[in-house]
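Chemist: I'd like to ask some things about the structure below.
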Amino acid sequence: MSADAPTSAAPPHPDHADPPTRHGPLALAAGSCGPAPVAEAAPPARVRQLVLKVHSRCNLACDHCYVYRSADQRWRERPRVIAPGTVAQVARRLGEHLARHGPDRVRVVLHGGEPLLAGPATLDRTVRTLRAALPPGAALDVGVQTNGVLLDEEFLALCHRHDIDVGVSLDGGRAANDLHRRYPDGRGSFADVAAALRLLGRPRHRSRWAGLLCTVDLANDPVGVYESLLAYDPPRLDLLLPHGNWSTPPPGRRPGGTDTPYGDWLVAVFDRWYATTPRRTGIRLFESLIALVLGGRSGTRAVGFAEPDVMTIETDGTIEGTDTLKTTDDASMRTGLDVFRHSFDEALRHPSLAGRPTGPAALAPACRACPVLSACGGGLYAHRFHAGAGFAHPSVYCPDLYRLIDHVRRVVAADVDALRRRALAAPPAAAPARRR
């Protein structure tokens with residue numbers, strides 16, 4: 001299960017920030033698509049997204065899973081299913097946090113492991129408990145990120161009842177998906193996930209579908225993967241780089257090397273996606289980069305400067321930061337905090353949550369001097385880790401990010417220039433006739 005979360009229009013995994021800001025032609029005409037000024041990100045005053053682990057185990061044995069295949073193995077010590085008392089305490093902490101900071105909208109992502117293993121009754125009780133604790137005027141958006149194999153009419157009825165958005169993980173067609181997303185006995189999961197997607201895509205359920213999440217694999221043809229995912233007509237796609245860092249590099253990525261295998265893979269998909277009019281789906285990474293090179297905001301923590309406003313609650317009530325830190329070492333996620341003894345405001349001051357350094361000052365000198373800094377933002381925080389030296393490094397994907405961002409910037413700049421030339425060449429509009 002990959003954790004990287006959303007508005008209702010994007011797959012609910014905890015890497016999502018606000019939707020990208022779009023600028024119109026008048027704003028574009030003011031200048032080229034060069035780097036926008038970079039502002040220091042201030043720590044948020046409140047939790048915007050809560051990742052709630054409702055089940056700590058999974059029914060698949062994906063070999064690229066960051067939860068079970070990474071340095072942090074504390075999942076073995078935690079309850080399989082979150083207890084009602086733990087949910088009640090999470091709800092109380094969330095309610096008091098929102099009451100203190102004023103009514104607001106907060107997003108909770110039901111996560112795992114595989115969250116559907118908790119069963120419909122547990123998920124129903126969890127959402128009811130959370131909503132009952134909100135102060136007047138506060139709103140709760142709920143999402144679930146699932147591998148899809150347990151998704152059925154009963155779960156979807158629950159999603160309709162509570163307005164739960166459903167994100168499903170799929171890495172492409174049968175061959176591409178089953179390279180990694182397999183059952184413990186070695187069987188591929190594609191057939192079961194495909195059946196769930198056909199169910200989710202039916203008219204009566206489509207309003208609850210947030211989108212697909214796909215982990216990039218260099219062994220798979222990029223355009224082939226993209227086209228196979230489009231076959232399900234998803235409302236949105238998320239393309240995620242496999243988690244890795246300088247000490248544990250991702251497959252095919254040589255730390256310090258100048259080759260760009262992941263950048264090339266993503267550029268191939270971008271070109272196919274961008275050239276299609278109208279576009280058949282949104283791709284959050286590409287939409288975020290377009291927004292960033294035009295001076296807007298990112299919709300993902302994979303690029304740009306995003307405030308660290310995600311909090312993770314494990315099944316035992318432990319409070320932790322962004323879930324992807326599990327890929328670094330067994331200490332980066334540890335806060336010593338839990339919902340029984342500590343408030344969310346106390347947790348936000350911890351370095352692994354909103355208390356960690358942000359903005360250009362927290363980046364490596366090479367990043368601060370980079371011409372694509374405003375769009376890159378140093379990449380995902382966990383991808384900067386180096387054992388014994390912390391996070392003050394470029395992303396292990398630095399060459400790939402530069403390749404992709406520079407390509408997007410050039411393509412968008414060419415379109416903006418063409419739009420400007422057409423506008424200048426167009427004859428002036430005739431003045432409206434006066435009434436007599």
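Residue numbering restarts at 1 for every chain of the structure tokens, chains are lettered A, B, ... in their displayed order, and ligands are numbered from 1 as they appear.
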Within stretch 231-354 of chain A, find each residue whose DSSP state, derived from the backbone, is alpha helix (DSSP H), and express the selection as number ranges by chain.

Modeler: A: 261-275, 284-293, 344-348

Chemist: Mind giving me the straight-line distance from atom CA of A:Asp406 to atom CA of A:Val372 in Å, one decimal?

Modeler: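 Atom CA of A:Val372 lies at a distance of 7.4 Å from atom CA of A:Asp406.
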
Chemist: Figure out the distance between atom CA of A:Val396 and atom CA of A:Cys65, please, to one decimal in Å.

Modeler: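 Separation of atom CA of A:Cys65 and atom CA of A:Val396: 18.3 Å.
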
Chemist: Would you mind telling me which residue in A:Gly257, A:Pro222, A:Gly167, A:Pro103 lies nearest to A:Pro399 when using only C-alpha atoms?

Modeler: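 Closest to A:Pro399 of all the choices is A:Gly257.
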
Chemist: Between atom CA of A:Phe190 and atom CA of A:Ser169, what is the distance in Å, rounded to a tenth?

Modeler: 10.3 Å

Chemist: Go through stretch 204-244 of chain A and flag each residue having an atom no more than 7 Å from stretch 282-293 of chain A; for those, report the closest pair of atoms plus their distance in Å to one decimal, using only C-alpha atoms, ordered by chain and rising number, as CSV.

Modeler:
```
residue,atom,partner,partner_atom,distance
A:Pro235,CA,A:Gly282,CA,6.7
A:Arg236,CA,A:Gly282,CA,4.6
A:Leu237,CA,A:Ile283,CA,4.8
A:Asp238,CA,A:Arg284,CA,5.8
A:Leu239,CA,A:Leu285,CA,6.9
```

Chemist: Among stretch 132-270 of chain A, which residues does DSSP mark as strand (DSSP E or B) when it is run on the backbone? Keep the chain and numbering as in the structure and answer as an MDAnalysis selection string.

Modeler: chainID A and resid 139:146 164:169 182 188 209:215 236:240

Chemist: Dump N, CA and C atoms for the selected residues as a PDB file, in the first residue's frame?

Modeler:
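part.pdb was written with the following content:
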```pdb
ATOM      1  N   ALA A 139     -16.039  20.464   9.078  1.00  0.00           N
ATOM      2  CA  ALA A 139     -16.432  19.463   8.086  1.00  0.00           C
ATOM      3  C   ALA A 139     -15.344  18.406   7.973  1.00  0.00           C
ATOM      4  N   LEU A 140     -15.760  17.169   7.748  1.00  0.00           N
ATOM      5  CA  LEU A 140     -14.835  16.043   7.634  1.00  0.00           C
ATOM      6  C   LEU A 140     -14.985  15.395   6.263  1.00  0.00           C
ATOM      7  N   ASP A 141     -13.883  15.378   5.483  1.00  0.00           N
ATOM      8  CA  ASP A 141     -13.821  14.622   4.244  1.00  0.00           C
ATOM      9  C   ASP A 141     -13.125  13.305   4.551  1.00  0.00           C
ATOM     10  N   VAL A 142     -13.649  12.215   4.015  1.00  0.00           N
ATOM     11  CA  VAL A 142     -13.085  10.896   4.303  1.00  0.00           C
ATOM     12  C   VAL A 142     -12.713  10.203   3.001  1.00  0.00           C
ATOM     13  N   GLY A 143     -11.534   9.603   2.984  1.00  0.00           N
ATOM     14  CA  GLY A 143     -11.096   8.804   1.852  1.00  0.00           C
ATOM     15  C   GLY A 143     -10.559   7.478   2.342  1.00  0.00           C
ATOM     16  N   VAL A 144     -10.482   6.516   1.444  1.00  0.00           N
ATOM     17  CA  VAL A 144      -9.867   5.227   1.759  1.00  0.00           C
ATOM     18  C   VAL A 144      -8.967   4.851   0.592  1.00  0.00           C
ATOM     19  N   GLN A 145      -7.751   4.402   0.898  1.00  0.00           N
ATOM     20  CA  GLN A 145      -6.824   3.935  -0.129  1.00  0.00           C
ATOM     21  C   GLN A 145      -6.708   2.425   0.005  1.00  0.00           C
ATOM     22  N   THR A 146      -7.106   1.698  -1.028  1.00  0.00           N
ATOM     23  CA  THR A 146      -7.209   0.246  -0.947  1.00  0.00           C
ATOM     24  C   THR A 146      -6.533  -0.425  -2.133  1.00  0.00           C
ATOM     25  N   ILE A 164     -17.491   8.559   1.337  1.00  0.00           N
ATOM     26  CA  ILE A 164     -16.081   8.167   1.368  1.00  0.00           C
ATOM     27  C   ILE A 164     -15.566   8.017  -0.058  1.00  0.00           C
ATOM     28  N   ASP A 165     -14.478   8.715  -0.373  1.00  0.00           N
ATOM     29  CA  ASP A 165     -13.837   8.602  -1.683  1.00  0.00           C
ATOM     30  C   ASP A 165     -12.894   7.407  -1.691  1.00  0.00           C
ATOM     31  N   VAL A 166     -12.870   6.689  -2.794  1.00  0.00           N
ATOM     32  CA  VAL A 166     -12.103   5.446  -2.890  1.00  0.00           C
ATOM     33  C   VAL A 166     -10.972   5.593  -3.898  1.00  0.00           C
ATOM     34  N   GLY A 167      -9.748   5.414  -3.439  1.00  0.00           N
ATOM     35  CA  GLY A 167      -8.593   5.334  -4.316  1.00  0.00           C
ATOM     36  C   GLY A 167      -8.110   3.899  -4.368  1.00  0.00           C
ATOM     37  N   VAL A 168      -7.761   3.421  -5.558  1.00  0.00           N
ATOM     38  CA  VAL A 168      -7.343   2.033  -5.748  1.00  0.00           C
ATOM     39  C   VAL A 168      -5.935   2.002  -6.333  1.00  0.00           C
ATOM     40  N   SER A 169      -5.129   1.063  -5.860  1.00  0.00           N
ATOM     41  CA  SER A 169      -3.756   0.914  -6.340  1.00  0.00           C
ATOM     42  C   SER A 169      -3.696  -0.132  -7.453  1.00  0.00           C
ATOM     43  N   ARG A 182       1.183  -8.959  -5.571  1.00  0.00           N
ATOM     44  CA  ARG A 182       0.798 -10.366  -5.554  1.00  0.00           C
ATOM     45  C   ARG A 182       0.290 -10.774  -4.172  1.00  0.00           C
ATOM     46  N   GLY A 188      -1.032 -13.439  -8.775  1.00  0.00           N
ATOM     47  CA  GLY A 188      -1.197 -12.029  -9.080  1.00  0.00           C
ATOM     48  C   GLY A 188      -2.552 -11.521  -8.624  1.00  0.00           C
ATOM     49  N   TRP A 209     -15.522   7.256  -6.768  1.00  0.00           N
ATOM     50  CA  TRP A 209     -14.194   6.876  -7.236  1.00  0.00           C
ATOM     51  C   TRP A 209     -13.305   8.104  -7.302  1.00  0.00           C
ATOM     52  N   ALA A 210     -12.203   8.075  -6.533  1.00  0.00           N
ATOM     53  CA  ALA A 210     -11.250   9.177  -6.544  1.00  0.00           C
ATOM     54  C   ALA A 210     -10.201   9.016  -7.630  1.00  0.00           C
ATOM     55  N   GLY A 211      -9.768   7.777  -7.905  1.00  0.00           N
ATOM     56  CA  GLY A 211      -8.778   7.579  -8.946  1.00  0.00           C
ATOM     57  C   GLY A 211      -7.884   6.391  -8.687  1.00  0.00           C
ATOM     58  N   LEU A 212      -6.872   6.250  -9.556  1.00  0.00           N
ATOM     59  CA  LEU A 212      -5.916   5.145  -9.483  1.00  0.00           C
ATOM     60  C   LEU A 212      -4.553   5.636  -9.042  1.00  0.00           C
ATOM     61  N   LEU A 213      -3.870   4.786  -8.307  1.00  0.00           N
ATOM     62  CA  LEU A 213      -2.504   5.065  -7.869  1.00  0.00           C
ATOM     63  C   LEU A 213      -1.598   4.008  -8.469  1.00  0.00           C
ATOM     64  N   CYS A 214      -0.571   4.445  -9.191  1.00  0.00           N
ATOM     65  CA  CYS A 214       0.339   3.540  -9.886  1.00  0.00           C
ATOM     66  C   CYS A 214       1.775   3.849  -9.479  1.00  0.00           C
ATOM     67  N   THR A 215       2.509   2.818  -9.058  1.00  0.00           N
ATOM     68  CA  THR A 215       3.934   2.969  -8.758  1.00  0.00           C
ATOM     69  C   THR A 215       4.745   2.684 -10.017  1.00  0.00           C
ATOM     70  N   ARG A 236      -8.844  10.223 -12.227  1.00  0.00           N
ATOM     71  CA  ARG A 236      -7.526  10.805 -11.962  1.00  0.00           C
ATOM     72  C   ARG A 236      -6.511   9.689 -11.794  1.00  0.00           C
ATOM     73  N   LEU A 237      -5.259   9.996 -12.137  1.00  0.00           N
ATOM     74  CA  LEU A 237      -4.152   9.063 -11.937  1.00  0.00           C
ATOM     75  C   LEU A 237      -3.099   9.706 -11.050  1.00  0.00           C
ATOM     76  N   ASP A 238      -2.482   8.884 -10.225  1.00  0.00           N
ATOM     77  CA  ASP A 238      -1.281   9.279  -9.500  1.00  0.00           C
ATOM     78  C   ASP A 238      -0.151   8.365  -9.925  1.00  0.00           C
ATOM     79  N   LEU A 239       0.938   8.943 -10.407  1.00  0.00           N
ATOM     80  CA  LEU A 239       2.140   8.192 -10.752  1.00  0.00           C
ATOM     81  C   LEU A 239       3.175   8.464  -9.670  1.00  0.00           C
ATOM     82  N   LEU A 240       3.548   7.429  -8.935  1.00  0.00           N
ATOM     83  CA  LEU A 240       4.459   7.592  -7.807  1.00  0.00           C
ATOM     84  C   LEU A 240       5.803   6.946  -8.095  1.00  0.00           C
TER      85      LEU A 240
END
```

Chemist: Compare A:Ala91, A:Ala302, A:Met311, A:Val416 by their minimum atom-to-atom distance to A:Tyr397, counting only C-alpha atoms, and give me the closest one.

Modeler: A:Ala302

Chemist: Looking at A:Gly244, A:Trp265, A:Asp124, A:Thr315, which one is nearest to A:Ile82, with distances taken over only C-alpha atoms?

Modeler: A:Thr315

Chemist: When you count only C-alpha atoms, which of these residues is closest to A:Leu200: A:Leu150, A:Met333, A:Leu424, A:Leu94?

Modeler: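 The closest residue to A:Leu200 is A:Leu150.
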
Chemist: So which residues touch A:Ala133 within 10 Å, counting only C-alpha atoms, skipping near sequence neighbours fewer than 2 positions away, as an MDAnalysis selection string?

Modeler: chainID A and resid 88:96 98 128:131 135:136 138

Chemist: Keeping only all heavy atoms, write those residues as a CSV table (one decimal), in the first residue's frame.

Modeler:
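The resulting file, selection.csv, is shown below:
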```csv
chain,number,residue,atom,x,y,z
A,88,ALA,N,-12.1,6.5,19.5
A,88,ALA,CA,-12.8,7.6,20.3
A,88,ALA,C,-11.8,8.6,20.8
A,88,ALA,O,-12.1,9.8,20.8
A,88,ALA,CB,-13.5,6.9,21.5
A,89,GLN,N,-10.6,8.2,21.1
A,89,GLN,CA,-9.6,9.2,21.6
A,89,GLN,C,-9.1,10.0,20.4
A,89,GLN,O,-8.8,11.2,20.6
A,89,GLN,CB,-8.5,8.4,22.3
A,89,GLN,CG,-7.5,9.3,23.0
A,89,GLN,CD,-8.1,10.1,24.1
A,89,GLN,OE1,-9.2,9.9,24.6
A,89,GLN,NE2,-7.3,11.2,24.6
A,90,VAL,N,-8.9,9.4,19.3
A,90,VAL,CA,-8.5,10.1,18.1
A,90,VAL,C,-9.5,11.2,17.8
A,90,VAL,O,-9.2,12.3,17.5
A,90,VAL,CB,-8.3,9.2,16.9
A,90,VAL,CG1,-8.1,10.0,15.6
A,90,VAL,CG2,-7.1,8.2,17.1
A,91,ALA,N,-10.8,10.8,17.8
A,91,ALA,CA,-11.9,11.7,17.6
A,91,ALA,C,-11.9,12.9,18.6
A,91,ALA,O,-12.1,14.0,18.2
A,91,ALA,CB,-13.2,11.0,17.6
A,92,ARG,N,-11.6,12.6,19.8
A,92,ARG,CA,-11.6,13.6,20.9
A,92,ARG,C,-10.5,14.6,20.6
A,92,ARG,O,-10.6,15.8,20.7
A,92,ARG,CB,-11.5,13.0,22.2
A,92,ARG,CG,-11.6,14.0,23.4
A,92,ARG,CD,-11.7,13.4,24.7
A,92,ARG,NE,-10.4,12.9,25.2
A,92,ARG,CZ,-9.5,13.7,25.9
A,92,ARG,NH1,-9.8,15.0,26.1
A,92,ARG,NH2,-8.4,13.2,26.3
A,93,ARG,N,-9.3,14.1,20.2
A,93,ARG,CA,-8.1,14.9,20.0
A,93,ARG,C,-8.4,15.8,18.7
A,93,ARG,O,-8.1,17.0,18.7
A,93,ARG,CB,-6.9,14.1,19.7
A,93,ARG,CG,-6.4,13.4,21.0
A,93,ARG,CD,-6.0,14.3,22.1
A,93,ARG,NE,-5.3,13.7,23.2
A,93,ARG,CZ,-5.1,14.2,24.4
A,93,ARG,NH1,-5.5,15.5,24.6
A,93,ARG,NH2,-4.4,13.5,25.3
A,94,LEU,N,-9.0,15.2,17.7
A,94,LEU,CA,-9.3,16.0,16.5
A,94,LEU,C,-10.3,17.1,16.8
A,94,LEU,O,-10.2,18.2,16.4
A,94,LEU,CB,-9.8,15.0,15.4
A,94,LEU,CG,-10.2,15.7,14.1
A,94,LEU,CD1,-8.9,16.3,13.4
A,94,LEU,CD2,-10.7,14.6,13.1
A,95,GLY,N,-11.4,16.7,17.6
A,95,GLY,CA,-12.4,17.7,17.9
A,95,GLY,C,-11.8,18.9,18.7
A,95,GLY,O,-12.1,20.0,18.4
A,96,GLU,N,-11.0,18.6,19.7
A,96,GLU,CA,-10.4,19.7,20.5
A,96,GLU,C,-9.5,20.5,19.7
A,96,GLU,O,-9.4,21.7,19.9
A,96,GLU,CB,-9.8,19.1,21.7
A,96,GLU,CG,-8.5,18.3,21.5
A,96,GLU,CD,-7.9,17.7,22.8
A,96,GLU,OE1,-8.7,17.6,23.8
A,96,GLU,OE2,-6.7,17.3,22.8
A,98,LEU,N,-9.7,21.1,16.4
A,98,LEU,CA,-10.5,22.0,15.5
A,98,LEU,C,-11.2,23.1,16.3
A,98,LEU,O,-11.3,24.2,15.9
A,98,LEU,CB,-11.5,21.2,14.7
A,98,LEU,CG,-10.9,20.3,13.7
A,98,LEU,CD1,-12.0,19.4,13.0
A,98,LEU,CD2,-10.1,21.0,12.6
A,128,ARG,N,-18.5,7.4,12.0
A,128,ARG,CA,-19.5,8.0,12.8
A,128,ARG,C,-18.9,8.6,14.1
A,128,ARG,O,-19.3,9.7,14.5
A,128,ARG,CB,-20.5,6.9,13.2
A,128,ARG,CG,-21.4,6.4,12.1
A,128,ARG,CD,-22.4,5.4,12.6
A,128,ARG,NE,-23.1,4.8,11.5
A,128,ARG,CZ,-24.2,5.3,11.0
A,128,ARG,NH1,-24.7,6.5,11.5
A,128,ARG,NH2,-24.9,4.7,10.0
A,129,THR,N,-17.9,7.9,14.7
A,129,THR,CA,-17.3,8.5,15.9
A,129,THR,C,-16.5,9.7,15.6
A,129,THR,O,-16.6,10.7,16.3
A,129,THR,CB,-16.3,7.4,16.4
A,129,THR,OG1,-17.0,6.2,16.8
A,129,THR,CG2,-15.6,7.9,17.7
A,130,LEU,N,-15.8,9.8,14.5
A,130,LEU,CA,-15.0,11.0,14.1
A,130,LEU,C,-16.0,12.2,13.8
A,130,LEU,O,-15.7,13.3,14.3
A,130,LEU,CB,-14.2,10.7,12.8
A,130,LEU,CG,-13.0,9.7,13.0
A,130,LEU,CD1,-12.5,9.4,11.6
A,130,LEU,CD2,-11.9,10.3,13.9
A,131,ARG,N,-17.0,11.9,13.1
A,131,ARG,CA,-17.9,13.0,12.8
A,131,ARG,C,-18.7,13.5,14.0
A,131,ARG,O,-18.9,14.7,14.1
A,131,ARG,CB,-18.9,12.6,11.7
A,131,ARG,CG,-18.3,12.5,10.3
A,131,ARG,CD,-19.3,12.8,9.2
A,131,ARG,NE,-18.6,13.1,7.9
A,131,ARG,CZ,-18.6,12.2,6.9
A,131,ARG,NH1,-19.2,11.1,7.0
A,131,ARG,NH2,-17.9,12.5,5.8
A,135,PRO,N,-16.5,19.9,16.2
A,135,PRO,CA,-17.2,21.1,16.7
A,135,PRO,C,-18.2,21.6,15.7
A,135,PRO,O,-18.0,21.3,14.5
A,135,PRO,CB,-16.1,22.1,17.0
A,135,PRO,CG,-15.0,21.7,16.1
A,135,PRO,CD,-15.1,20.2,15.9
A,136,PRO,N,-19.2,22.4,16.1
A,136,PRO,CA,-20.1,23.0,15.1
A,136,PRO,C,-19.3,23.8,14.0
A,136,PRO,O,-18.4,24.6,14.3
A,136,PRO,CB,-21.0,23.9,15.9
A,136,PRO,CG,-20.9,23.3,17.3
A,136,PRO,CD,-19.5,22.8,17.4
A,138,ALA,N,-17.4,22.6,11.6
A,138,ALA,CA,-16.3,21.8,11.1
A,138,ALA,C,-16.8,20.8,10.1
A,138,ALA,O,-17.9,20.2,10.3
A,138,ALA,CB,-15.4,21.2,12.2
```
